[in-house]
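A.B. asks: Handing you a structure now.
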Amino acid sequence: MKTINKLIMGPIPETGIGLYVHIPFCVRKCAYCDFLSFPCDAQGQETYVDALCREIRQLEQVPLRTLYIGGGTPSILSEALIGRICDTIRSTCRILPEAEWTIECNPATFDLAKARSWRAMGIDRVSMGVQSLNDRLLKRIGRIHSAEEARKGFRTLQEAGFTNISIDLMMGLPEQSMEDWMSTLREAVSWGPSHISCYSLIVEEGTPLYEEDEKGFLNLPDEETERAMYHETVKYLKEHGLPQYEISNFAKPGMESRHNTSYWERISYIGLGLGAASLMDEKRWREPMEMHKYLTGETPTIEEELTLEDQMKEIMLLGLRMNRGVSEYAFQKRFGVSMWDVFSKELAELQTCCLLETRDDRVFLTFKGRDLANQVFMRFV
Ligand code: SF4
């Protein structure tokens with residue numbers, strides 16, 4: 001028997017925590033992907049969901065403010081399997097009023113009946129991986145779907161009644177021009193999503209794209225073009241009603257992802273499923289990464305015990321990702337000390353370099369600071 005509940009020390013706040021459920025299955029691997037995901041047959045999926053539900057049942061009466069079924073590609077699971085996961089969460093945990101409940105999906109892995117079933121189960125937000133609306137580029141990065149299937153997927157979600165739909169896009173792809181990127185962005189905005197995430201491609205070791213890069217065949221846009229794509233994105237989305245609220249995230253006002261915002265606010269969360277990570281105040285742990293260990297109920301591994309100083313650094317590192325930054329009052333309330341006392345040198349330096357600003361109670365990055373975010377974050381590591 002697993003011991004998730006033994007890892008949760010102390011009372012869980014009445015304001016609730018986040019729950020992340022990992023579905024590690026995909027139709028096939030994309031050429032850039034180093035996530036914990038792989039193809040799996042129906043029997044294997046069922047066995048996995050059984051193990052997942054056994055874990056969920058340990059979270060008796062845990063108050064949840066956000067729920068997120070991510071992957072992988074959760075939408076390849078049948079309606080019955082997603083239904084089993086949702087029913088188990090509902091009958092075990094205490095889902096708070098106004099809780100946000102997201103599922104990730106990929107085009108060409110769901111139809112109207114499946115999307116309707118998600119709504120019927122209480123899921124109110126969908127995040128769809130689109131990446132590009134250019135068939136040549138989709139093929140280049142090994143996506144399983146076409147641009148037309150992505151369009152159809154979005155219409156299907158709308159038809160199923162979803163009004164909170166986020167789409168993921170990728171810039172800096174091999175052979176992608178500025179016009180390729182802007183044409184994808186323009187079309188995606190024209191669909192009317194409530195939220196868009198735009199990520200720059202990172203060529204991760206061990207992926208097919210990495211091997212191509214090693215051989216010099218990748219033909220990525222140069223750094224200047226890639227930066228220009230990002231700057232144009234921030235400008236274009238602001239002009240079209242989706243202002244930036246985090247380095248890679250843009251939303252209609254009030255439609256920001258509550259689940260991801262919790263990560264940046266360092267609110268506790270529990271991750272269930274293969275390789276899923278959890279954070280409870282001063283402790284971070286991870287589920288087994290190997291399927292046989294997960295299925296036999298091996299206990300998660302504690303990865304980090306965080307000192308108060310570690311936690312303060314994380315609050316800064318994560319909070320400064322958001323345009324609204326970190327509240328001085330909230331910091332003081334949480335740690336009993338001012339952030340200006342703890343990080344006087346770092347904050348002063350960043351201000352001098354015009355990377356950081358303060359207004360009212362908040363400390364946040366300037367446009368330049370967000371552009372050079374990695375340099376900023378290094379100061380808190
Ligand atoms: S769909 Fe997502 S998780 Fe699956 S292989 Fe592609 S990038 Fe990875």
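Here, A, B, ... name the chains of the structure tokens in the order displayed, residue numbers run from 1 inside each chain, and ligands are numbered from 1 in the same displayed order.
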Around ligand 1, which protein and nucleic acid residues have at least one atom no more than 9 Å from it, if we count only C-alpha atoms and all ligand atoms? List them as an MDAnalysis selection string.

C.D. replies: chainID A and resid 24:39 70:73 105:106 129 142:144

A.B. asks: Looking only at the backbone, which of the residues in range 92-320 of chain A does DSSP tag as strand (DSSP E), as an mmCIF file with N, CA, C and O atoms, in the first residue's frame?

C.D. replies:
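Final output, part-v9.cif:
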```cif
data_model
loop_
_atom_site.group_PDB
_atom_site.id
_atom_site.type_symbol
_atom_site.label_atom_id
_atom_site.label_comp_id
_atom_site.auth_asym_id
_atom_site.auth_seq_id
_atom_site.Cartn_x
_atom_site.Cartn_y
_atom_site.Cartn_z
ATOM 1 N N ARG A 94 -12.507 16.610 -1.496
ATOM 2 C CA ARG A 94 -13.511 17.659 -1.318
ATOM 3 C C ARG A 94 -13.192 18.738 -2.352
ATOM 4 O O ARG A 94 -12.244 19.508 -2.173
ATOM 5 N N ILE A 95 -13.939 18.738 -3.429
ATOM 6 C CA ILE A 95 -13.678 19.722 -4.487
ATOM 7 C C ILE A 95 -14.352 21.029 -4.084
ATOM 8 O O ILE A 95 -15.572 21.074 -3.872
ATOM 9 N N LEU A 96 -13.560 22.073 -3.930
ATOM 10 C CA LEU A 96 -14.094 23.340 -3.424
ATOM 11 C C LEU A 96 -14.953 24.022 -4.488
ATOM 12 O O LEU A 96 -14.735 23.828 -5.697
ATOM 13 N N PRO A 97 -15.940 24.821 -4.053
ATOM 14 C CA PRO A 97 -16.739 25.554 -5.037
ATOM 15 C C PRO A 97 -15.796 26.428 -5.872
ATOM 16 O O PRO A 97 -14.797 26.918 -5.350
ATOM 17 N N GLU A 98 -16.105 26.603 -7.118
ATOM 18 C CA GLU A 98 -15.283 27.433 -8.025
ATOM 19 C C GLU A 98 -13.960 26.764 -8.403
ATOM 20 O O GLU A 98 -13.098 27.401 -8.995
ATOM 21 N N ALA A 99 -13.776 25.496 -8.027
ATOM 22 C CA ALA A 99 -12.517 24.834 -8.399
ATOM 23 C C ALA A 99 -12.395 24.771 -9.917
ATOM 24 O O ALA A 99 -13.392 24.591 -10.608
ATOM 25 N N GLU A 100 -11.169 24.931 -10.392
ATOM 26 C CA GLU A 100 -10.924 24.835 -11.840
ATOM 27 C C GLU A 100 -10.480 23.405 -12.138
ATOM 28 O O GLU A 100 -9.651 22.859 -11.426
ATOM 29 N N TRP A 101 -11.035 22.821 -13.211
ATOM 30 C CA TRP A 101 -10.723 21.439 -13.526
ATOM 31 C C TRP A 101 -10.365 21.342 -15.007
ATOM 32 O O TRP A 101 -11.213 21.519 -15.873
ATOM 33 N N THR A 102 -9.085 21.061 -15.262
ATOM 34 C CA THR A 102 -8.559 21.071 -16.638
ATOM 35 C C THR A 102 -8.205 19.672 -17.111
ATOM 36 O O THR A 102 -7.726 18.853 -16.329
ATOM 37 N N ILE A 103 -8.408 19.437 -18.396
ATOM 38 C CA ILE A 103 -7.851 18.228 -19.020
ATOM 39 C C ILE A 103 -7.031 18.657 -20.236
ATOM 40 O O ILE A 103 -7.403 19.606 -20.933
ATOM 41 N N GLU A 104 -5.902 17.994 -20.444
ATOM 42 C CA GLU A 104 -5.108 18.250 -21.649
ATOM 43 C C GLU A 104 -5.572 17.310 -22.753
ATOM 44 O O GLU A 104 -5.923 16.160 -22.488
ATOM 45 N N CYS A 105 -5.555 17.815 -23.984
ATOM 46 C CA CYS A 105 -5.924 16.948 -25.095
ATOM 47 C C CYS A 105 -5.070 17.267 -26.310
ATOM 48 O O CYS A 105 -4.420 18.316 -26.359
ATOM 49 N N ARG A 125 -12.337 23.119 -18.186
ATOM 50 C CA ARG A 125 -11.293 23.805 -18.945
ATOM 51 C C ARG A 125 -10.505 22.758 -19.742
ATOM 52 O O ARG A 125 -10.198 21.686 -19.205
ATOM 53 N N VAL A 126 -10.194 23.093 -20.996
ATOM 54 C CA VAL A 126 -9.429 22.162 -21.822
ATOM 55 C C VAL A 126 -8.199 22.871 -22.353
ATOM 56 O O VAL A 126 -8.268 24.030 -22.773
ATOM 57 N N SER A 127 -7.079 22.189 -22.310
ATOM 58 C CA SER A 127 -5.838 22.728 -22.860
ATOM 59 C C SER A 127 -5.421 21.823 -24.020
ATOM 60 O O SER A 127 -5.140 20.646 -23.815
ATOM 61 N N MET A 128 -5.453 22.381 -25.235
ATOM 62 C CA MET A 128 -5.179 21.554 -26.414
ATOM 63 C C MET A 128 -3.802 21.876 -26.992
ATOM 64 O O MET A 128 -3.468 23.036 -27.234
ATOM 65 N N GLY A 129 -3.016 20.845 -27.228
ATOM 66 C CA GLY A 129 -1.689 21.012 -27.831
ATOM 67 C C GLY A 129 -1.825 21.148 -29.339
ATOM 68 O O GLY A 129 -2.179 20.183 -30.016
ATOM 69 N N VAL A 130 -1.589 22.337 -29.846
ATOM 70 C CA VAL A 130 -1.704 22.570 -31.293
ATOM 71 C C VAL A 130 -0.303 22.704 -31.897
ATOM 72 O O VAL A 130 0.007 22.135 -32.930
ATOM 73 N N GLN A 131 0.532 23.498 -31.255
ATOM 74 C CA GLN A 131 1.955 23.736 -31.609
ATOM 75 C C GLN A 131 2.121 24.548 -32.886
ATOM 76 O O GLN A 131 2.834 25.526 -32.894
ATOM 77 N N ILE A 165 -11.034 27.490 -23.153
ATOM 78 C CA ILE A 165 -10.151 26.608 -23.934
ATOM 79 C C ILE A 165 -8.804 27.299 -24.113
ATOM 80 O O ILE A 165 -8.727 28.443 -24.556
ATOM 81 N N SER A 166 -7.765 26.574 -23.751
ATOM 82 C CA SER A 166 -6.403 27.080 -23.916
ATOM 83 C C SER A 166 -5.735 26.309 -25.042
ATOM 84 O O SER A 166 -6.005 25.123 -25.231
ATOM 85 N N ILE A 167 -4.878 26.990 -25.804
ATOM 86 C CA ILE A 167 -4.111 26.236 -26.788
ATOM 87 C C ILE A 167 -2.613 26.486 -26.597
ATOM 88 O O ILE A 167 -2.199 27.576 -26.220
ATOM 89 N N ASP A 168 -1.847 25.442 -26.841
ATOM 90 C CA ASP A 168 -0.377 25.516 -26.748
ATOM 91 C C ASP A 168 0.196 25.683 -28.145
ATOM 92 O O ASP A 168 -0.186 24.938 -29.061
ATOM 93 N N LEU A 169 1.119 26.629 -28.288
ATOM 94 C CA LEU A 169 1.804 26.834 -29.566
ATOM 95 C C LEU A 169 3.307 26.832 -29.322
ATOM 96 O O LEU A 169 3.757 27.157 -28.218
ATOM 97 N N MET A 170 4.062 26.510 -30.377
ATOM 98 C CA MET A 170 5.530 26.490 -30.232
ATOM 99 C C MET A 170 6.190 27.375 -31.286
ATOM 100 O O MET A 170 5.834 27.307 -32.469
ATOM 101 N N MET A 171 7.159 28.172 -30.811
ATOM 102 C CA MET A 171 7.930 29.002 -31.746
ATOM 103 C C MET A 171 9.395 28.549 -31.741
ATOM 104 O O MET A 171 9.806 27.782 -30.871
ATOM 105 N N HIS A 195 -7.209 31.439 -23.647
ATOM 106 C CA HIS A 195 -5.860 31.354 -23.084
ATOM 107 C C HIS A 195 -4.925 30.786 -24.145
ATOM 108 O O HIS A 195 -5.305 29.876 -24.881
ATOM 109 N N ILE A 196 -3.726 31.331 -24.261
ATOM 110 C CA ILE A 196 -2.728 30.762 -25.179
ATOM 111 C C ILE A 196 -1.393 30.639 -24.441
ATOM 112 O O ILE A 196 -0.969 31.569 -23.762
ATOM 113 N N SER A 197 -0.751 29.490 -24.569
ATOM 114 C CA SER A 197 0.622 29.324 -24.063
ATOM 115 C C SER A 197 1.546 29.243 -25.268
ATOM 116 O O SER A 197 1.255 28.497 -26.210
ATOM 117 N N CYS A 198 2.607 30.029 -25.250
ATOM 118 C CA CYS A 198 3.568 30.018 -26.363
ATOM 119 C C CYS A 198 4.942 29.649 -25.813
ATOM 120 O O CYS A 198 5.507 30.404 -25.012
ATOM 121 N N TYR A 199 5.438 28.519 -26.226
ATOM 122 C CA TYR A 199 6.735 28.060 -25.733
ATOM 123 C C TYR A 199 7.758 28.075 -26.858
ATOM 124 O O TYR A 199 7.422 27.798 -28.006
ATOM 125 N N SER A 200 8.989 28.378 -26.502
ATOM 126 C CA SER A 200 10.075 28.261 -27.472
ATOM 127 C C SER A 200 10.561 26.816 -27.455
ATOM 128 O O SER A 200 10.663 26.211 -26.380
ATOM 129 N N GLN A 244 -0.201 39.292 -21.730
ATOM 130 C CA GLN A 244 0.712 38.352 -21.076
ATOM 131 C C GLN A 244 0.505 38.413 -19.562
ATOM 132 O O GLN A 244 0.369 39.495 -18.999
ATOM 133 N N TYR A 245 0.480 37.252 -18.903
ATOM 134 C CA TYR A 245 0.451 37.281 -17.434
ATOM 135 C C TYR A 245 1.593 36.471 -16.831
ATOM 136 O O TYR A 245 1.844 36.526 -15.628
ATOM 137 N N GLU A 246 2.290 35.737 -17.697
ATOM 138 C CA GLU A 246 3.470 34.976 -17.266
ATOM 139 C C GLU A 246 4.369 34.886 -18.475
ATOM 140 O O GLU A 246 3.921 35.085 -19.615
ATOM 141 N N ASN A 249 2.730 32.745 -21.007
ATOM 142 C CA ASN A 249 1.278 32.553 -20.949
ATOM 143 C C ASN A 249 0.495 33.847 -21.100
ATOM 144 O O ASN A 249 0.855 34.881 -20.521
ATOM 145 N N PHE A 250 -0.619 33.747 -21.821
ATOM 146 C CA PHE A 250 -1.422 34.897 -22.224
ATOM 147 C C PHE A 250 -2.895 34.509 -22.052
ATOM 148 O O PHE A 250 -3.270 33.387 -22.384
ATOM 149 N N ALA A 251 -3.699 35.440 -21.543
ATOM 150 C CA ALA A 251 -5.095 35.068 -21.317
ATOM 151 C C ALA A 251 -6.001 36.277 -21.396
ATOM 152 O O ALA A 251 -5.575 37.414 -21.173
ATOM 153 N N TYR A 269 0.774 21.298 -3.850
ATOM 154 C CA TYR A 269 0.021 20.438 -4.775
ATOM 155 C C TYR A 269 0.485 19.002 -4.617
ATOM 156 O O TYR A 269 1.613 18.739 -4.186
ATOM 157 N N ILE A 270 -0.418 18.117 -4.991
ATOM 158 C CA ILE A 270 -0.066 16.703 -4.990
ATOM 159 C C ILE A 270 -0.137 16.205 -6.425
ATOM 160 O O ILE A 270 -1.116 16.485 -7.129
ATOM 161 N N GLY A 271 0.901 15.506 -6.852
ATOM 162 C CA GLY A 271 0.909 14.918 -8.188
ATOM 163 C C GLY A 271 0.783 13.412 -8.062
ATOM 164 O O GLY A 271 1.521 12.791 -7.297
ATOM 165 N N LEU A 272 -0.177 12.835 -8.754
ATOM 166 C CA LEU A 272 -0.347 11.379 -8.736
ATOM 167 C C LEU A 272 -0.118 10.826 -10.127
ATOM 168 O O LEU A 272 -0.409 11.484 -11.124
ATOM 169 N N ALA A 277 5.306 14.830 -9.676
ATOM 170 C CA ALA A 277 5.965 15.522 -8.558
ATOM 171 C C ALA A 277 4.926 16.168 -7.652
ATOM 172 O O ALA A 277 3.856 16.576 -8.109
ATOM 173 N N SER A 278 5.254 16.270 -6.367
ATOM 174 C CA SER A 278 4.390 16.930 -5.391
ATOM 175 C C SER A 278 5.203 17.923 -4.581
ATOM 176 O O SER A 278 6.410 17.736 -4.389
ATOM 177 N N LEU A 279 4.523 18.935 -4.087
ATOM 178 C CA LEU A 279 5.169 19.902 -3.187
ATOM 179 C C LEU A 279 4.231 20.201 -2.031
ATOM 180 O O LEU A 279 3.085 20.598 -2.240
ATOM 181 N N MET A 280 4.714 19.938 -0.824
ATOM 182 C CA MET A 280 3.946 20.329 0.360
ATOM 183 C C MET A 280 4.880 21.151 1.232
ATOM 184 O O MET A 280 5.795 20.600 1.853
ATOM 185 N N LYS A 283 8.612 20.195 1.572
ATOM 186 C CA LYS A 283 9.030 18.891 1.069
ATOM 187 C C LYS A 283 8.586 18.696 -0.377
ATOM 188 O O LYS A 283 7.478 19.065 -0.753
ATOM 189 N N ARG A 284 9.483 18.126 -1.181
ATOM 190 C CA ARG A 284 9.144 17.829 -2.563
ATOM 191 C C ARG A 284 9.395 16.351 -2.785
ATOM 192 O O ARG A 284 10.441 15.842 -2.415
ATOM 193 N N TRP A 285 8.428 15.641 -3.342
ATOM 194 C CA TRP A 285 8.655 14.224 -3.606
ATOM 195 C C TRP A 285 8.173 13.859 -5.005
ATOM 196 O O TRP A 285 7.470 14.635 -5.645
ATOM 197 N N ARG A 286 8.577 12.672 -5.450
ATOM 198 C CA ARG A 286 8.236 12.238 -6.812
ATOM 199 C C ARG A 286 7.843 10.769 -6.819
ATOM 200 O O ARG A 286 8.445 9.946 -6.140
ATOM 201 N N THR A 301 9.645 9.004 -3.808
ATOM 202 C CA THR A 301 10.942 9.354 -3.238
ATOM 203 C C THR A 301 10.945 10.817 -2.842
ATOM 204 O O THR A 301 10.550 11.675 -3.635
ATOM 205 N N ILE A 302 11.403 11.085 -1.621
ATOM 206 C CA ILE A 302 11.557 12.486 -1.211
ATOM 207 C C ILE A 302 12.752 13.043 -1.983
ATOM 208 O O ILE A 302 13.850 12.497 -1.898
ATOM 209 N N GLU A 303 12.526 14.077 -2.735
ATOM 210 C CA GLU A 303 13.627 14.631 -3.540
ATOM 211 C C GLU A 303 14.316 15.786 -2.844
ATOM 212 O O GLU A 303 15.509 15.990 -3.023
ATOM 213 N N GLU A 304 13.542 16.540 -2.077
ATOM 214 C CA GLU A 304 14.131 17.721 -1.438
ATOM 215 C C GLU A 304 13.420 18.039 -0.134
ATOM 216 O O GLU A 304 12.194 17.952 -0.062
ATOM 217 N N GLU A 305 14.205 18.388 0.872
ATOM 218 C CA GLU A 305 13.655 18.978 2.093
ATOM 219 C C GLU A 305 14.114 20.420 2.029
ATOM 220 O O GLU A 305 15.313 20.682 1.973
#
```

A.B. asks: Which residues, written as a VMD selection string, have at least one atom at most 12 Å from range 174-183 of chain A, with only C-alpha atoms counted and residues fewer than 2 positions away on the same chain left out?

C.D. replies: chain A and resid 31 to 32 131 to 142 169 to 172 185 to 190 198 to 203 209 to 210 212 to 213 216 to 222 224 to 237

A.B. asks: Any chance you can output those residues with C-alpha atoms as an mmCIF file, in the first residue's frame?

C.D. replies:
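For reference, result.cif as written:
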```cif
data_model
loop_
_atom_site.group_PDB
_atom_site.id
_atom_site.type_symbol
_atom_site.label_atom_id
_atom_site.label_comp_id
_atom_site.auth_asym_id
_atom_site.auth_seq_id
_atom_site.Cartn_x
_atom_site.Cartn_y
_atom_site.Cartn_z
ATOM 1 C CA ALA A 31 10.390 14.404 -32.248
ATOM 2 C CA TYR A 32 11.152 17.056 -29.582
ATOM 3 C CA GLN A 131 1.955 23.736 -31.609
ATOM 4 C CA SER A 132 1.603 24.945 -35.214
ATOM 5 C CA LEU A 133 -1.001 25.430 -37.926
ATOM 6 C CA ASN A 134 1.466 24.694 -40.668
ATOM 7 C CA ASP A 135 1.342 21.097 -41.931
ATOM 8 C CA ARG A 136 4.975 21.144 -43.053
ATOM 9 C CA LEU A 137 6.127 22.150 -39.549
ATOM 10 C CA LEU A 138 3.755 19.767 -37.780
ATOM 11 C CA LYS A 139 5.278 16.934 -39.781
ATOM 12 C CA ARG A 140 8.785 18.223 -39.154
ATOM 13 C CA ILE A 141 8.337 17.967 -35.376
ATOM 14 C CA GLY A 142 6.533 14.628 -35.535
ATOM 15 C CA LEU A 169 1.804 26.834 -29.566
ATOM 16 C CA MET A 170 5.530 26.490 -30.232
ATOM 17 C CA MET A 171 7.930 29.002 -31.746
ATOM 18 C CA GLY A 172 11.537 28.626 -32.842
ATOM 19 C CA LEU A 185 -0.622 32.943 -34.089
ATOM 20 C CA ARG A 186 -3.106 35.057 -36.075
ATOM 21 C CA GLU A 187 -5.248 32.086 -36.974
ATOM 22 C CA ALA A 188 -5.184 30.671 -33.424
ATOM 23 C CA VAL A 189 -6.338 34.039 -32.032
ATOM 24 C CA SER A 190 -9.135 34.192 -34.605
ATOM 25 C CA CYS A 198 3.568 30.018 -26.363
ATOM 26 C CA TYR A 199 6.735 28.060 -25.733
ATOM 27 C CA SER A 200 10.075 28.261 -27.472
ATOM 28 C CA LEU A 201 11.367 24.929 -28.691
ATOM 29 C CA ILE A 202 14.072 23.506 -26.466
ATOM 30 C CA VAL A 203 16.150 20.820 -28.139
ATOM 31 C CA LEU A 209 15.642 16.562 -32.936
ATOM 32 C CA TYR A 210 18.746 16.586 -30.729
ATOM 33 C CA GLU A 212 19.564 16.024 -36.032
ATOM 34 C CA ASP A 213 20.994 19.087 -34.341
ATOM 35 C CA GLY A 216 23.911 19.973 -38.142
ATOM 36 C CA PHE A 217 20.644 19.280 -39.999
ATOM 37 C CA LEU A 218 18.198 21.094 -37.754
ATOM 38 C CA ASN A 219 18.135 24.558 -39.299
ATOM 39 C CA LEU A 220 16.653 26.414 -36.335
ATOM 40 C CA PRO A 221 15.792 30.119 -36.610
ATOM 41 C CA ASP A 222 18.679 32.238 -35.311
ATOM 42 C CA GLU A 224 17.549 37.171 -33.146
ATOM 43 C CA THR A 225 14.574 35.801 -35.131
ATOM 44 C CA GLU A 226 13.456 33.685 -32.207
ATOM 45 C CA ARG A 227 13.518 36.701 -29.873
ATOM 46 C CA ALA A 228 11.671 38.782 -32.461
ATOM 47 C CA MET A 229 8.969 36.076 -32.584
ATOM 48 C CA TYR A 230 8.570 36.349 -28.834
ATOM 49 C CA HIS A 231 8.411 40.157 -28.833
ATOM 50 C CA GLU A 232 5.845 40.186 -31.648
ATOM 51 C CA THR A 233 3.805 37.592 -29.764
ATOM 52 C CA VAL A 234 3.648 39.676 -26.588
ATOM 53 C CA LYS A 235 2.604 42.722 -28.623
ATOM 54 C CA TYR A 236 0.108 40.950 -30.900
ATOM 55 C CA LEU A 237 -1.655 39.082 -28.111
#
```

A.B. asks: Between A:Ala113, A:Met316, A:Ile123, A:Leu242, which has the minimum distance to Glu265 in chain A (counting only C-alpha atoms)?

C.D. replies: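 Among the listed residues, A:Met316 lies closest to Glu265 in chain A.
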